$ cat data_7.cif   # mmCIF, C-alpha atoms and all ligand atoms
data_protein
loop_
_atom_site.group_PDB
_atom_site.id
_atom_site.type_symbol
_atom_site.label_atom_id
_atom_site.label_comp_id
_atom_site.auth_asym_id
_atom_site.auth_seq_id
_atom_site.Cartn_x
_atom_site.Cartn_y
_atom_site.Cartn_z
ATOM 1 C CA MET D 1 195.976 118.617 49.020
ATOM 2 C CA ASN D 2 194.545 121.853 50.236
ATOM 3 C CA ALA D 3 190.787 122.296 50.055
ATOM 4 C CA PRO D 4 189.737 124.750 47.282
ATOM 5 C CA LEU D 5 189.299 128.262 48.530
ATOM 6 C CA LEU D 6 185.717 129.424 48.750
ATOM 7 C CA PRO D 7 185.007 132.713 46.964
ATOM 8 C CA LEU D 8 185.232 135.529 49.434
ATOM 9 C CA SER D 9 182.078 137.527 49.885
ATOM 10 C CA GLU D 10 182.181 141.286 50.576
ATOM 11 C CA PRO D 11 182.878 141.715 54.272
ATOM 12 C CA LEU D 12 179.944 143.270 56.056
ATOM 13 C CA PRO D 13 180.695 146.661 57.586
ATOM 14 C CA PRO D 14 180.796 146.585 61.393
ATOM 15 C CA PRO D 15 177.401 147.262 63.012
ATOM 16 C CA SER D 16 178.212 150.881 63.932
ATOM 17 C CA ARG D 17 179.271 151.659 60.338
ATOM 18 C CA ARG D 18 176.209 149.886 58.997
ATOM 19 C CA ALA D 19 173.962 151.986 61.258
ATOM 20 C CA ALA D 20 175.709 155.165 60.135
ATOM 21 C CA HIS D 21 175.340 154.134 56.485
ATOM 22 C CA GLU D 22 171.637 153.391 57.031
ATOM 23 C CA ALA D 23 171.105 156.721 58.820
ATOM 24 C CA GLY D 24 172.873 158.513 55.950
ATOM 25 C CA LYS D 25 170.559 156.925 53.382
ATOM 26 C CA LEU D 26 167.488 157.737 55.433
ATOM 27 C CA ALA D 27 168.681 161.298 56.036
ATOM 28 C CA LYS D 28 169.034 161.812 52.304
ATOM 29 C CA ARG D 29 165.522 160.532 51.632
ATOM 30 C CA LEU D 30 164.043 162.579 54.475
ATOM 31 C CA ARG D 31 165.871 165.740 53.357
ATOM 32 C CA HIS D 32 164.522 165.206 49.882
ATOM 33 C CA GLN D 33 160.946 164.747 51.128
ATOM 34 C CA VAL D 34 161.103 167.674 53.544
ATOM 35 C CA GLY D 35 162.706 169.935 50.934
ATOM 36 C CA ARG D 36 159.995 169.023 48.445
ATOM 37 C CA ALA D 37 157.199 169.651 50.939
ATOM 38 C CA ILE D 38 158.708 173.040 51.872
ATOM 39 C CA ALA D 39 158.871 174.010 48.200
ATOM 40 C CA ASP D 40 155.457 172.574 47.202
ATOM 41 C CA PHE D 41 153.618 174.446 49.946
ATOM 42 C CA GLY D 42 155.794 177.553 50.302
ATOM 43 C CA MET D 43 156.459 176.657 53.921
ATOM 44 C CA ILE D 44 159.560 178.754 54.538
ATOM 45 C CA GLU D 45 160.658 182.042 53.016
ATOM 46 C CA ASP D 46 163.555 184.398 53.465
ATOM 47 C CA GLY D 47 163.673 185.968 56.916
ATOM 48 C CA ASP D 48 161.303 183.480 58.538
ATOM 49 C CA LYS D 49 161.627 182.838 62.256
ATOM 50 C CA VAL D 50 160.654 179.190 62.586
ATOM 51 C CA MET D 51 159.545 177.836 65.928
ATOM 52 C CA VAL D 52 160.102 174.075 65.854
ATOM 53 C CA CYS D 53 157.832 172.399 68.377
ATOM 54 C CA LEU D 54 159.694 169.627 70.085
ATOM 55 C CA SER D 55 157.795 167.108 72.171
ATOM 56 C CA GLY D 56 160.637 164.686 72.749
ATOM 57 C CA GLY D 57 159.105 162.086 70.423
ATOM 58 C CA LYS D 58 160.747 160.575 67.341
ATOM 59 C CA ASP D 59 158.828 162.785 64.904
ATOM 60 C CA SER D 60 159.771 166.165 66.289
ATOM 61 C CA TYR D 61 163.416 165.169 66.855
ATOM 62 C CA THR D 62 163.604 164.059 63.241
ATOM 63 C CA MET D 63 161.919 167.227 61.996
ATOM 64 C CA LEU D 64 164.397 169.409 63.875
ATOM 65 C CA ASP D 65 167.369 167.366 62.719
ATOM 66 C CA ILE D 66 166.382 167.459 59.050
ATOM 67 C CA LEU D 67 165.468 171.160 59.127
ATOM 68 C CA LEU D 68 168.888 171.942 60.592
ATOM 69 C CA GLN D 69 170.537 169.979 57.800
ATOM 70 C CA LEU D 70 168.501 171.796 55.142
ATOM 71 C CA GLN D 71 169.101 175.177 56.771
ATOM 72 C CA ARG D 72 172.842 174.920 56.037
ATOM 73 C CA LYS D 73 172.310 174.793 52.285
ATOM 74 C CA ALA D 74 168.909 176.473 51.990
ATOM 75 C CA PRO D 75 168.302 178.994 49.209
ATOM 76 C CA VAL D 76 166.826 181.357 51.826
ATOM 77 C CA SER D 77 167.946 182.479 55.244
ATOM 78 C CA PHE D 78 165.741 181.566 58.209
ATOM 79 C CA SER D 79 166.195 180.988 61.922
ATOM 80 C CA ILE D 80 165.248 177.930 63.940
ATOM 81 C CA THR D 81 164.287 177.889 67.598
ATOM 82 C CA ALA D 82 163.285 174.624 69.235
ATOM 83 C CA VAL D 83 160.517 175.027 71.781
ATOM 84 C CA ASN D 84 159.307 172.382 74.190
ATOM 85 C CA LEU D 85 156.331 172.647 76.474
ATOM 86 C CA ASP D 86 156.917 171.006 79.821
ATOM 87 C CA GLN D 87 153.358 170.055 80.752
ATOM 88 C CA LYS D 88 154.361 168.819 84.176
ATOM 89 C CA GLN D 89 153.427 165.195 83.661
ATOM 90 C CA PRO D 90 154.658 163.107 86.573
ATOM 91 C CA GLY D 91 158.058 161.668 85.788
ATOM 92 C CA PHE D 92 158.770 164.022 82.881
ATOM 93 C CA PRO D 93 162.567 164.012 82.574
ATOM 94 C CA GLU D 94 162.951 167.786 82.264
ATOM 95 C CA HIS D 95 166.723 167.720 81.824
ATOM 96 C CA VAL D 96 166.679 165.554 78.666
ATOM 97 C CA LEU D 97 165.646 168.102 76.034
ATOM 98 C CA PRO D 98 167.700 171.088 77.277
ATOM 99 C CA GLU D 99 170.770 168.845 77.516
ATOM 100 C CA TYR D 100 170.268 167.473 74.030
ATOM 101 C CA LEU D 101 169.554 170.878 72.481
ATOM 102 C CA SER D 102 172.564 172.472 74.187
ATOM 103 C CA SER D 103 174.751 169.594 73.012
ATOM 104 C CA ILE D 104 173.841 170.280 69.367
ATOM 105 C CA GLY D 105 174.017 174.045 69.828
ATOM 106 C CA VAL D 106 170.439 174.876 68.863
ATOM 107 C CA ASP D 107 168.654 177.965 70.081
ATOM 108 C CA HIS D 108 165.865 176.693 72.333
ATOM 109 C CA HIS D 109 163.360 177.498 75.001
ATOM 110 C CA ILE D 110 161.454 175.337 77.480
ATOM 111 C CA LEU D 111 158.002 176.633 78.287
ATOM 112 C CA GLU D 112 156.525 175.466 81.544
ATOM 113 C CA GLN D 113 152.799 175.156 82.012
ATOM 114 C CA ASP D 114 151.009 172.685 84.203
ATOM 115 C CA THR D 115 148.374 171.534 81.729
ATOM 116 C CA TYR D 116 148.576 168.048 83.253
ATOM 117 C CA SER D 117 146.735 169.104 86.447
ATOM 118 C CA VAL D 118 144.018 170.839 84.438
ATOM 119 C CA VAL D 119 143.495 167.888 82.107
ATOM 120 C CA THR D 120 143.371 165.302 84.892
ATOM 121 C CA ARG D 121 140.928 167.486 86.819
ATOM 122 C CA VAL D 122 138.593 168.148 83.889
ATOM 123 C CA VAL D 123 138.567 164.828 82.013
ATOM 124 C CA PRO D 124 136.563 162.064 83.742
ATOM 125 C CA GLU D 125 138.600 159.076 84.845
ATOM 126 C CA GLY D 126 139.015 156.389 82.201
ATOM 127 C CA LYS D 127 138.414 158.830 79.312
ATOM 128 C CA THR D 128 141.228 159.716 76.953
ATOM 129 C CA MET D 129 142.860 163.034 77.795
ATOM 130 C CA CYS D 130 144.812 163.529 74.572
ATOM 131 C CA SER D 131 142.347 165.781 72.814
ATOM 132 C CA LEU D 132 142.151 168.387 75.603
ATOM 133 C CA CYS D 133 145.845 167.994 76.354
ATOM 134 C CA SER D 134 146.753 168.704 72.705
ATOM 135 C CA ARG D 135 144.431 171.698 72.566
ATOM 136 C CA MET D 136 145.980 173.187 75.684
ATOM 137 C CA ARG D 137 149.457 172.479 74.381
ATOM 138 C CA ARG D 138 148.607 174.188 71.101
ATOM 139 C CA GLY D 139 147.213 177.204 72.972
ATOM 140 C CA ALA D 140 150.367 177.600 75.061
ATOM 141 C CA LEU D 141 152.674 177.226 72.055
ATOM 142 C CA TYR D 142 150.674 179.646 69.892
ATOM 143 C CA THR D 143 150.690 182.268 72.637
ATOM 144 C CA TYR D 144 154.439 181.943 73.008
ATOM 145 C CA ALA D 145 154.923 182.145 69.225
ATOM 146 C CA GLU D 146 152.956 185.383 69.126
ATOM 147 C CA GLU D 147 154.881 186.914 72.030
ATOM 148 C CA GLN D 148 158.200 186.063 70.398
ATOM 149 C CA GLY D 149 157.243 187.053 66.857
ATOM 150 C CA PHE D 150 157.771 183.647 65.244
ATOM 151 C CA THR D 151 156.536 183.710 61.666
ATOM 152 C CA LYS D 152 156.100 179.930 61.280
ATOM 153 C CA ILE D 153 155.234 177.162 63.704
ATOM 154 C CA ALA D 154 156.599 173.780 62.619
ATOM 155 C CA LEU D 155 154.858 170.626 63.821
ATOM 156 C CA GLY D 156 156.152 167.080 63.432
ATOM 157 C CA HIS D 157 153.117 165.379 61.853
ATOM 158 C CA HIS D 158 154.071 163.019 59.052
ATOM 159 C CA ARG D 159 152.467 161.357 56.029
ATOM 160 C CA ASP D 160 150.824 158.607 58.106
ATOM 161 C CA ASP D 161 149.304 161.176 60.486
ATOM 162 C CA LEU D 162 147.845 163.024 57.502
ATOM 163 C CA VAL D 163 146.294 159.828 56.138
ATOM 164 C CA ALA D 164 144.995 158.720 59.554
ATOM 165 C CA THR D 165 143.333 162.098 60.120
ATOM 166 C CA PHE D 166 141.704 161.874 56.711
ATOM 167 C CA PHE D 167 140.113 158.514 57.647
ATOM 168 C CA LEU D 168 139.124 159.716 61.109
ATOM 169 C CA ASN D 169 137.231 162.594 59.523
ATOM 170 C CA LEU D 170 135.743 160.335 56.886
ATOM 171 C CA PHE D 171 134.615 157.528 59.197
ATOM 172 C CA PHE D 172 133.602 159.473 62.274
ATOM 173 C CA HIS D 173 132.678 162.962 61.024
ATOM 174 C CA SER D 174 131.418 162.334 57.450
ATOM 175 C CA LYS D 175 133.906 164.843 56.085
ATOM 176 C CA ILE D 176 136.508 164.721 53.354
ATOM 177 C CA SER D 177 139.075 166.676 55.271
ATOM 178 C CA GLY D 178 142.479 166.034 56.739
ATOM 179 C CA MET D 179 145.544 167.592 58.223
ATOM 180 C CA PRO D 180 147.062 170.052 55.747
ATOM 181 C CA PRO D 181 150.819 170.501 55.315
ATOM 182 C CA LYS D 182 150.355 174.262 55.790
ATOM 183 C CA LEU D 183 147.591 176.016 57.621
ATOM 184 C CA LEU D 184 146.485 179.345 58.987
ATOM 185 C CA SER D 185 145.362 179.069 62.607
ATOM 186 C CA ASP D 186 141.679 179.764 63.297
ATOM 187 C CA ASP D 187 142.459 183.225 64.679
ATOM 188 C CA GLY D 188 144.473 184.008 61.535
ATOM 189 C CA LYS D 189 147.576 184.825 63.566
ATOM 190 C CA HIS D 190 149.794 181.808 62.944
ATOM 191 C CA VAL D 191 151.049 179.908 59.955
ATOM 192 C CA VAL D 192 151.518 176.278 60.914
ATOM 193 C CA ILE D 193 153.741 174.098 58.743
ATOM 194 C CA ARG D 194 154.248 170.337 58.690
ATOM 195 C CA PRO D 195 157.592 169.761 56.965
ATOM 196 C CA LEU D 196 157.325 165.959 57.434
ATOM 197 C CA ALA D 197 154.086 165.825 55.422
ATOM 198 C CA TYR D 198 155.688 163.545 52.789
ATOM 199 C CA ALA D 199 157.762 161.453 55.197
ATOM 200 C CA ARG D 200 156.787 157.900 56.165
ATOM 201 C CA GLU D 201 156.467 157.111 59.846
ATOM 202 C CA GLU D 202 158.501 153.958 59.321
ATOM 203 C CA ASP D 203 161.452 155.962 57.969
ATOM 204 C CA ILE D 204 161.202 158.474 60.772
ATOM 205 C CA ALA D 205 161.218 155.693 63.380
ATOM 206 C CA ALA D 206 164.245 154.045 61.766
ATOM 207 C CA TYR D 207 166.054 157.380 61.501
ATOM 208 C CA ALA D 208 165.338 158.294 65.120
ATOM 209 C CA ASP D 209 166.591 154.880 66.121
ATOM 210 C CA ALA D 210 169.771 155.146 64.076
ATOM 211 C CA LYS D 211 170.466 158.637 65.424
ATOM 212 C CA GLY D 212 169.776 157.571 69.000
ATOM 213 C CA PHE D 213 167.623 160.588 69.856
ATOM 214 C CA PRO D 214 166.819 160.680 73.583
ATOM 215 C CA ILE D 215 163.122 159.864 73.180
ATOM 216 C CA ILE D 216 160.671 160.885 75.888
ATOM 217 C CA PRO D 217 157.451 158.814 75.735
ATOM 218 C CA CYS D 218 154.161 160.677 75.404
ATOM 219 C CA ASN D 219 152.280 158.450 77.813
ATOM 220 C CA LEU D 220 153.760 159.502 81.094
ATOM 221 C CA CYS D 221 150.310 160.736 81.973
ATOM 222 C CA GLY D 222 148.941 157.192 81.549
ATOM 223 C CA SER D 223 146.349 158.300 79.007
ATOM 224 C CA GLN D 224 145.191 155.769 76.456
ATOM 225 C CA GLU D 225 145.081 156.577 72.802
ATOM 226 C CA ASN D 226 141.698 157.554 71.458
ATOM 227 C CA LEU D 227 139.775 154.410 70.396
ATOM 228 C CA GLN D 228 138.810 155.777 66.980
ATOM 229 C CA ARG D 229 142.417 156.677 66.180
ATOM 230 C CA LYS D 230 143.459 153.199 67.313
ATOM 231 C CA GLN D 231 140.940 151.599 64.953
ATOM 232 C CA VAL D 232 142.164 153.668 62.022
ATOM 233 C CA LYS D 233 145.800 152.856 62.781
ATOM 234 C CA LYS D 234 144.984 149.158 62.973
ATOM 235 C CA MET D 235 143.225 149.338 59.634
ATOM 236 C CA MET D 236 146.122 151.203 58.010
ATOM 237 C CA ASP D 237 148.689 148.750 59.417
ATOM 238 C CA ALA D 238 146.693 145.799 58.074
ATOM 239 C CA TRP D 239 146.430 147.435 54.642
ATOM 240 C CA GLU D 240 150.146 148.120 54.516
ATOM 241 C CA ARG D 241 150.891 144.519 55.493
ATOM 242 C CA GLU D 242 148.537 143.052 52.917
ATOM 243 C CA THR D 243 149.073 145.615 50.163
ATOM 244 C CA PRO D 244 152.388 147.395 50.656
ATOM 245 C CA GLY D 245 152.327 150.868 49.180
ATOM 246 C CA ARG D 246 148.637 151.515 49.751
ATOM 247 C CA ILE D 247 149.209 154.278 52.316
ATOM 248 C CA GLU D 248 151.503 156.044 49.851
ATOM 249 C CA GLN D 249 148.785 155.797 47.193
ATOM 250 C CA ILE D 250 146.275 157.371 49.561
ATOM 251 C CA ALA D 251 148.728 160.083 50.607
ATOM 252 C CA ARG D 252 149.285 160.950 46.942
ATOM 253 C CA ALA D 253 145.546 161.001 46.333
ATOM 254 C CA LEU D 254 145.202 163.620 49.062
ATOM 255 C CA GLY D 255 147.315 165.885 46.891
ATOM 256 C CA ASP D 256 145.392 165.175 43.712
ATOM 257 C CA ILE D 257 141.780 166.114 44.326
ATOM 258 C CA ARG D 258 139.314 166.324 41.442
ATOM 259 C CA PRO D 259 136.409 168.453 42.649
ATOM 260 C CA SER D 260 134.421 167.763 39.475
ATOM 261 C CA GLN D 261 134.570 164.022 40.272
ATOM 262 C CA LEU D 262 133.185 164.431 43.780
ATOM 263 C CA SER D 263 129.781 165.663 44.906
ATOM 264 C CA ASP D 264 130.334 169.010 46.609
ATOM 265 C CA PRO D 265 128.535 171.828 44.738
ATOM 266 C CA LYS D 266 130.497 174.340 46.848
ATOM 267 C CA LEU D 267 133.738 173.102 45.300
ATOM 268 C CA PHE D 268 132.574 172.672 41.734
ATOM 269 C CA ASP D 269 129.905 174.569 39.829
ATOM 270 C CA PHE D 270 127.670 171.658 38.860
ATOM 271 C CA LEU D 271 124.749 174.065 38.307
ATOM 272 C CA SER D 272 126.403 175.764 35.342
ATOM 273 C CA LEU D 273 127.656 172.498 33.902
ATOM 274 C CA GLY D 274 125.908 171.908 30.550
ATOM 275 C CA LYS D 275 123.227 174.488 31.348
ATOM 276 C CA ARG D 276 121.421 175.514 28.143
ATOM 277 C CA GLY D 277 119.437 178.627 28.916
ATOM 278 C CA ASP D 278 119.962 181.807 30.941
ATOM 279 C CA ASP D 279 116.888 181.236 33.130
ATOM 280 C CA ALA D 280 117.546 180.565 36.805
ATOM 281 C CA LEU D 281 117.179 176.885 37.660
ATOM 282 C CA PRO D 282 114.421 175.918 40.091
ATOM 283 C CA ASP D 283 115.869 175.331 43.548
ATOM 284 C CA ALA D 284 115.277 172.369 45.866
ATOM 285 C CA HIS D 285 112.248 174.057 47.443
ATOM 286 C CA ALA D 286 110.563 174.209 44.051
ATOM 287 C CA TRP D 287 111.365 170.573 43.335
ATOM 288 C CA LEU D 288 110.313 169.360 46.751
ATOM 289 C CA GLY D 289 107.221 171.524 46.674
ATOM 290 C CA GLY D 290 106.061 169.615 43.598
ATOM 291 C CA GLU D 291 106.759 166.310 45.265
ATOM 292 C CA ALA D 292 104.856 167.360 48.386
ATOM 293 C CA ARG D 293 101.762 168.317 46.310
ATOM 294 C CA GLU D 294 101.838 165.008 44.453
ATOM 295 C CA THR D 295 102.201 163.080 47.680
ATOM 296 C CA GLY D 296 99.330 165.044 49.133
ATOM 297 C CA MET D 297 97.112 164.258 46.106
ATOM 298 C CA GLY D 298 98.100 160.604 46.315
ATOM 299 C CA ASP D 299 97.238 160.620 49.968
ATOM 300 C CA ARG D 300 93.828 162.090 49.229
ATOM 301 C CA GLU D 301 93.178 159.542 46.482
ATOM 302 C CA SER D 302 94.039 156.574 48.656
HETATM 303 S S1 LIG Z 1 149.434 160.818 75.960
HETATM 304 FE FE1 LIG Z 1 149.258 162.245 77.697
HETATM 305 S S2 LIG Z 1 150.747 163.869 77.286
HETATM 306 FE FE2 LIG Z 1 150.447 162.755 75.348
HETATM 307 S S3 LIG Z 1 148.822 163.905 74.334
HETATM 308 FE FE3 LIG Z 1 147.813 162.286 75.466
HETATM 309 S S4 LIG Z 1 147.249 163.241 77.400
HETATM 310 FE FE4 LIG Z 1 148.790 164.549 76.457
#
$ encode --input "data_7.cif" --output "structure tokens"
Amino acid sequence: MNAPLLPLSEPLPPPSRRAAHEAGKLAKRLRHQVGRAIADFGMIEDGDKVMVCLSGGKDSYTMLDILLQLQRKAPVSFSITAVNLDQKQPGFPEHVLPEYLSSIGVDHHILEQDTYSVVTRVVPEGKTMCSLCSRMRRGALYTYAEEQGFTKIALGHHRDDLVATFFLNLFFHSKISGMPPKLLSDDGKHVVIRPLAYAREEDIAAYADAKGFPIIPCNLCGSQENLQRKQVKKMMDAWERETPGRIEQIARALGDIRPSQLSDPKLFDFLSLGKRGDDALPDAHAWLGGEARETGMGDRES
């Protein structure tokens, strides 16, 4: 007698189809998050010339890819130009980005500026070079954006970068401040947008992997990551392991600030709160003056 047939389970799709399916799901989620961020912060409007800064890392590749997808169905018309700054780090594979960008038919430009020599000359050996390197990179990109008349500069920072910057400012600079999804540069000339502001790093990494972007590592210069940033990342990773979803909670909190529940009199008018009369309230000098006199009397008595 034949053995009873086992129930057949659904055959798994072959690995390449599975990867494509996964990438499709991720693309949908990322498009949704990027579209929402663009709308929530008014990042792109009709006629915008968007300069997409491409470093060759997973984040900027993903940003470009998703923006191109959204551009096809966008309710407004805007242009996209991918711009990479070749900083002349030793071993930088300069053919990778132009080849990739030409292959997908995107308008692009490679800027060349040897910031590497400057940074290695100025920063003492053993110290992290990233802060100066990033500042110089920003300077070069902003200058180019102004020359070319770009109306928006898109950077690939994501949700986890926004949260990490918040904690860096909190722990090391005593400030409640972060990395905003949209910002006017200090000189007032550039509007910087971060379309990945709602996107999780984990999703971006998986998407970049599934799409097989030709990633160029950002450590060709041999610089180590800043120690404070490392500490914050370690803390965030541990939180996410122990309490999944915590980073999302924090990211949401960054978009739901209650000035009246904090302690900054510049943000909320605590002075007028519940004030009964029209008389001006005594300031800190008046209050401290009283305390000083009392202390003085006490001192004399003792
Ligand atoms: S790792 Fe190197 S190239 Fe990347 S930001 Fe730091 S100094 Fe610059």
$ resolve_selection --input "data_7.cif" --expression "the PyMOL selection byres (((not hetatm)) within 6 of (chain Z and resi 1))" --output "PDB file with C-alpha atoms, in the coordinates of the input"
ATOM      1  CA  MET D 129     142.860 163.034  77.795  1.00  0.00           C
ATOM      2  CA  CYS D 130     144.812 163.529  74.572  1.00  0.00           C
ATOM      3  CA  CYS D 133     145.845 167.994  76.354  1.00  0.00           C
ATOM      4  CA  SER D 134     146.753 168.704  72.705  1.00  0.00           C
ATOM      5  CA  CYS D 218     154.161 160.677  75.404  1.00  0.00           C
ATOM      6  CA  ASN D 219     152.280 158.450  77.813  1.00  0.00           C
ATOM      7  CA  CYS D 221     150.310 160.736  81.973  1.00  0.00           C
ATOM      8  CA  SER D 223     146.349 158.300  79.007  1.00  0.00           C
TER       9      SER D 223
END
$ resolve_selection --input "data_7.cif" --expression "the PyMOL selection byres (((chain D and resi 112) around 10) and not hetatm)" --output "compact mmCIF listing (two decimals) with C-alpha atoms, in the frame of the given file"
# COMPACT_ATOMS: atom_id res chain seq x y z
CA ASN D 84 159.31 172.38 74.19
CA LEU D 85 156.33 172.65 76.47
CA ASP D 86 156.92 171.01 79.82
CA GLN D 87 153.36 170.06 80.75
CA LYS D 88 154.36 168.82 84.18
CA HIS D 109 163.36 177.50 75.00
CA ILE D 110 161.45 175.34 77.48
CA LEU D 111 158.00 176.63 78.29
CA GLN D 113 152.80 175.16 82.01
CA ASP D 114 151.01 172.68 84.20
CA THR D 115 148.37 171.53 81.73
CA ALA D 140 150.37 177.60 75.06
$ atom_distance --input "data_7.cif" --atom1 "atom CA of D:His32" --atom2 "atom CA of D:Lys49"
21.7 Å
$ closest_residue --input "data_7.cif" --among "D:Asp46, D:Glu94, D:Asp203, D:Glu147" --to "D:Lys28" --atoms "only C-alpha atoms"
D:Asp203
$ atom_distance --input "data_7.cif" --atom1 "atom CA of D:Ile153" --atom2 "atom CA of D:Ser174"
28.7 Å
$ closest_residue --input "data_7.cif" --among "D:Val118, D:Thr151, D:Lys73, D:Pro217" --to "D:Pro93" --atoms "all atoms listed in the file"
D:Pro217
$ resolve_selection --input "data_7.cif" --expression "the PyMOL selection byres (((chain D and resi 108) around 7) and not hetatm)" --output "list of chain:residue names"
D:Thr81, D:Ala82, D:Val83, D:Leu101, D:Val106, D:Asp107, D:His109, D:Ile110
$ residues_around --input "data_7.cif" --residues "D:Ala23" --least-positions-apart "4" --cutoff "10 Å" --atoms "all atoms listed in the file" --output "PyMOL selection string"
chain D and resi 17-19+27-29+203+206-211
$ residues_near_point --input "data_7.cif" --point "(159.7, 163.9, 66.8)" --cutoff "10 Å" --atoms "all atoms listed in the file" --output "PyMOL selection string"
chain D and resi 53-65+155-158+196+204-205+208+213+215-216
$ residues_near_point --input "data_7.cif" --point "(140.4, 167.5, 52.1)" --cutoff "10 Å" --atoms "all atoms listed in the file" --output "PyMOL selection string"
chain D and resi 166+169-170+175-180+254-255+257
$ atom_distance --input "data_7.cif" --atom1 "atom CA of D:Arg200" --atom2 "atom CA of D:Leu26"
10.7 Å
$ residues_around --input "data_7.cif" --residues "stretch 231-245 of chain D" --least-positions-apart "4" --cutoff "9 Å" --atoms "all atoms listed in the file" --output "MDAnalysis selection string"
chainID D and resid 160 163:165 167:168 171 226:227 249:250
$ axis_aligned_box --input "data_7.cif" --around "stretch 77-86 of chain D" --padding-each-side "6 Å" --output "JSON"
{"center_x": 162.1, "center_y": 176.7, "center_z": 67.5, "size_x": 23.6, "size_y": 23.5, "size_z": 36.6}
$ residues_around --input "data_7.cif" --residues "D:Val76" --least-positions-apart "3" --cutoff "9 Å" --atoms "only C-alpha atoms" --output "MDAnalysis selection string"
chainID D and resid 44:48 71 73
$ closest_residue --input "data_7.cif" --among "D:Leu281, D:Val191, D:Ile80, D:Lys230" --to "D:Gly42" --atoms "only C-alpha atoms"
D:Val191
